[in-house]
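This report refers to the structure that appears directly beneath it.
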Amino acid sequence: MKLSPLEDAVDPEALRRVLDGRWEPVRQAARRRMRELGPPAGEPGDVEAQRVRVLEELRRLAEEGYPRQGFPKEYGGEGDIGGSVISFEMLGLGDLSLLVKAGVQWGLFGGAIQALGTERHHRRHLKAVMDLELLGCFAMTESGHGSDVARLRTTATYEAGEFVIHTPVENARKDYIGNAARDGRMAVVFAQLIVNGESHGVHALLVPIRDERGRPCPGVRIEDCGHKGGLNGVDNGRLYFDHVRVPREALLNRFGDVDAEGAYSSPIDTPARRFFTMLGTLIRGRVSIAGGAGSASKTALALAVRYGEARRQFERPGTGAEVPILDYLAHQRKLLPALATTYALHFAQEELVTALHDIHGAVLDDRDDDGAEGHGAEGHGVEDWRQRELESRAAGLKAIATWHATHTIQTCREACGGAGYLTANRLPRLKADTDVFTTFEGDNTVLLQLVAKGLLTRFQHDVDDLGTLGLARFVAEQFAGALIERTAARSTIARLLTARGEPSEADLLDRAWQLQAFEDREKHVLEGLARRLRRAAGGDADPFEVFNDAQDHVLRAARVHVDRIVLEAFVAALDRCDEGAAGLLGRVCDLYVLSTIEADRAWFLEHGRLSPATAKALVDTVNQLCKLLRPHARTLVDGFAIPERLLDVPIVQYDDPTD
């Protein structure tokens with residue numbers, strides 16, 4: 001199959017409009033802001049200087065009104081949840097320490113007060129949080145329990161009108177807590193709530209950790225985590241609580257409360273459902289990290305592509321001219337599939353933010369007379385099927401986007417040779433600062449297991465409190481076959497699949513074949529996983545072994561599911577983009593699809609989805625797509641519209657002496 005070249009040049013501005021999408025004004029405003037903030041400065045080893053500078057920039061953001069977007073209008077915000085996530089994502093084009101510091105202050109600390117508290121907490125604290133009059137922390141993770149939040153060991157025991165916050169053992173210390181080491185004055189502390197000797201599961205409380213002079217409050221011990229592999233502008237610390245007393249009103253009581261007589265009540269009937277509902281309201285952080293990772297990937301690719309066009313190596317025979325390294329297929333193979341995947345993940349992220357905004361934004365407008373969000377007849381609120389699907393997609397995209405950032409930034413570093421290893425060229429800092437993205441806001445492996453569980457149970461409420469064996473038995477009794485839920489591209493996909501004739505693998509660029517290949521793989525893998533769990537769930541099966549033995553299959557099911565929803569998001573974007581950009585982006589989509597299938601050729605061959613001849617043709621087609629897109633590589637990265645000041649580093653000013 002011989003591909004025809006793309007005839008017309010595309011204006012990067014046309015790509016920018018497609019990428020900016022629904023929140024174009026927000027993205028443009030963020031670019032103007034980022035031109036002022038500039039890239040990271042200072043030596044990586046000077047931790048205190050970095051912390052001081054990042055706090056100063058955080059104050060500038062507060063003065064400019066950056067944090068107001070995501071908070072309710074009645075407390076001085078703008079009520080634009082989607083806009084707030086997009087603004088956060090755009091910070092990822094610059095200093096990632098600032099991105100994380102802002103995320104801790106306004107996304108995690110302020111977001112927890114907003115999502116888990118009620119009117120008394122909102123009225124008292126939200127404006128101060130937005131204005132940086134109150135700097136805070138999100139104290140969930142413990143040394144002994146990170147992903148397993150339900151088993152945190154910090155306790156909050158109700159005694160005579162107060163809660164006593166206590167760290168019972170060393171491993172219950174709150175660890176790696178942003179804003180704790182230096183700047184935080186208050187923490188949202190997650191603890192096991194104990195009332196009259198009965199545990200009601202994990203709840204969140206507001207606990208002061210420093211006084212007005214910056215000294216630790218009585219009973220609070222604070223340690224500095226010290227120099228980290230990256231993000232040293234963020235002051236991560238450890239918190240210990242020695243019978244610290246806070247008033248009853250410190251409990252963030254949207255989902256559980258204790259009255260003046262010491263009686264516990266909750267609008268949600270079971271502890272498991274209450275726990276998952278609480279965590280579901282905090283989904284914004286996971287969505288935001290996926291977006292920030294995408295911004296870091298874009299920056300790395302913009303630097304590497306620019307360098308690849310300018311840097312020359314070895315002579316082209318018969319010309320006397322040296323060859324730009326991006327003209328080499330091996331170099332194109334490094335960068336262009338990663339660039340195509342970055343585009344694909346951008347469109348998937350845009351869909352995710354839209355869903356978050358439409359679901360959670362509606363909740364902000366559905367408040368009862370006390371200022372708390374309504375919970376519905378059974379107390380489930382937004383935790384319906386749409387909310388569960390949103391949580392699952394956020395978990396999956398966060399995992400895939402952050403792994404993609406780690407791989408892409410390393411690839412870009414290598415593609416820039418020794419120059420890519422210089423701190424002045426930003427790539428080492430991007431690599432160091434994003435490395436932890438794969439494990440915070442949820443370890444990626446654990447998140448993919450959550451995705452697979454959702455696919456197997458179709459987001460049923462009544463499996464929340466089942467163990468691994470219970471999940472396997474639920475699947476054995478209930479799973480009737482993989483149900484592929486369409487994304488925003490459902491009408492386009494239906495049209496493509498209806499219009500095509502007999503399925504054939506011969507035309508690898510047939511969009512309907514591509515969609516069907518991803519869908520068929522997901523369905524087959526998920527149904528195979530269900531059969532595997534069914535077989536293992538009978539008799540005296542060991543609960544741990546049942547799930548552990550299938551863990552490879554669980555993770556694969558989640559990954560191929562995410563691949564499919566990412567492709568569908570790209571298809572939806574193609575359907576709405578300008579004619580001028582459609583041809584180029586269509587080929588970018590082809591490269592995303594075929595490079596993904598190429599990476600998984602073993603599965604497609606083993607399961608008869610590709611013949612050996614087509615598998616060979618697939619490799620050739622990927623090569624052709626790389627060659628076809630090579631002249632447009634700079635256009636594609638310019639379409640990200642990263643402010644030039646953020647790319648103003650020596651590596652893109654390369655001046656070859658032979659020119």
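Please note that chains go A, B, ... in the order of the structure tokens, that every chain numbers its residues from 1, and that ligands are numbered from 1 in the order shown.
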Hey, what's within 9 Å of Glu170 in chain A if we count only C-alpha atoms and toss same-chain stuff fewer than 3 positions away? As a VMD selection string, please? chain A and resid 143 to 144 167 173 240
Give me, as a list in words, the residues of range 188-242 of chain A that a backbone DSSP run labels strand (DSSP E).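 So, restricting range 188-242 of chain A to strand (DSSP E), we get Val188, Val189, Phe190, Ala191, Gln192, Leu193, Ile194, Val195, Glu198, Ser199, His200, Gly201, Val202, His203, Ala204, Leu205, Leu206, Val207, Pro208, Val220, Arg221, Ile222, Glu223, Asp224, Gly237, Arg238, Leu239, Tyr240 and Phe241 of chain A.
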Residues of range 175-195 of chain A at most 9 Å from range 137-142 of chain A: nearest atom pair and distance in Å, only C-alpha atoms, as CSV:
residue,atom,partner,partner_atom,distance
A:Asp175,CA,A:Glu142,CA,5.1
A:Tyr176,CA,A:Thr141,CA,7.4
A:Ile177,CA,A:Ala139,CA,6.0
A:Gly178,CA,A:Cys137,CA,6.1
A:Asn179,CA,A:Cys137,CA,5.6
A:Ala180,CA,A:Cys137,CA,6.2
A:Gly184,CA,A:Cys137,CA,6.0
A:Arg185,CA,A:Cys137,CA,7.9
A:Met186,CA,A:Cys137,CA,6.3
A:Ala187,CA,A:Cys137,CA,4.4
A:Val188,CA,A:Phe138,CA,5.1
A:Val189,CA,A:Ala139,CA,4.8
A:Phe190,CA,A:Met140,CA,5.2
A:Ala191,CA,A:Met140,CA,8.0
For Glu74 in chain A, the nearest of the candidates A:Asn196, A:Gln105, A:Thr423, A:Gln114, counting only C-alpha atoms: A:Gln114
Residue list (alpha helix (DSSP H), DSSP) for range 17-262 of chain A, as a ChimeraX atom specification: /A:17-20,24-37,47-63,81-91,96-102,110-116,119-130
Near-Phe255 in chain A list (7 Å; only C-alpha atoms; drop same-chain fewer than 3 positions) as a list in words: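 Selected residues are Ser266, Pro267, Ile268 and Arg274 of chain A.
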Quick one: residues within 7 Å of Tyr307 in chain A, only C-alpha atoms counted, chain neighbours fewer than 2 positions away excluded, as a VMD selection string? chain A and resid 303 to 305 309 to 311 416 651 to 652
How many Å separate CA of Ser199 in chain A from CA of Tyr158 in chain A?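 Distance reported for this atom pair: 10.5 Å.
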Proximity check range 276-365 of chain A to range 547-567 of chain A, 8 Å, nearest pairs one decimal Å, only C-alpha atoms, as a tab-separated table:
residue	atom	partner	partner_atom	distance
A:Ala344	CA	A:Val566	CA	6.1
A:Leu345	CA	A:Val566	CA	6.2
A:Phe347	CA	A:Val566	CA	7.4
A:Ala348	CA	A:Val566	CA	5.1
Which residues of range 276-320 of chain A sit at most 8 Å from range 399-410 of chain A, using only C-alpha atoms? Give each one's shortest atom pair and distance in Å (one decimal place), in chain and ascending residue order, as a Markdown table.
| residue | atom | partner | partner_atom | distance |
| --- | --- | --- | --- | --- |
| A:Ile289 | CA | A:Thr402 | CA | 7.9 |
| A:Ala290 | CA | A:Ala401 | CA | 5.5 |
| A:Gly291 | CA | A:Ala401 | CA | 7.9 |
| A:Ala293 | CA | A:Thr402 | CA | 5.5 |
| A:Gly294 | CA | A:Ala401 | CA | 6.5 |
| A:Ala296 | CA | A:Ala405 | CA | 6.8 |
| A:Ser297 | CA | A:Ala405 | CA | 5.1 |
| A:Ala300 | CA | A:Ile409 | CA | 5.7 |
| A:Leu301 | CA | A:Ile409 | CA | 7.6 |
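CA of Arg386 in chain A sits 17.2 Å away from CA of Ala569 in chain A.
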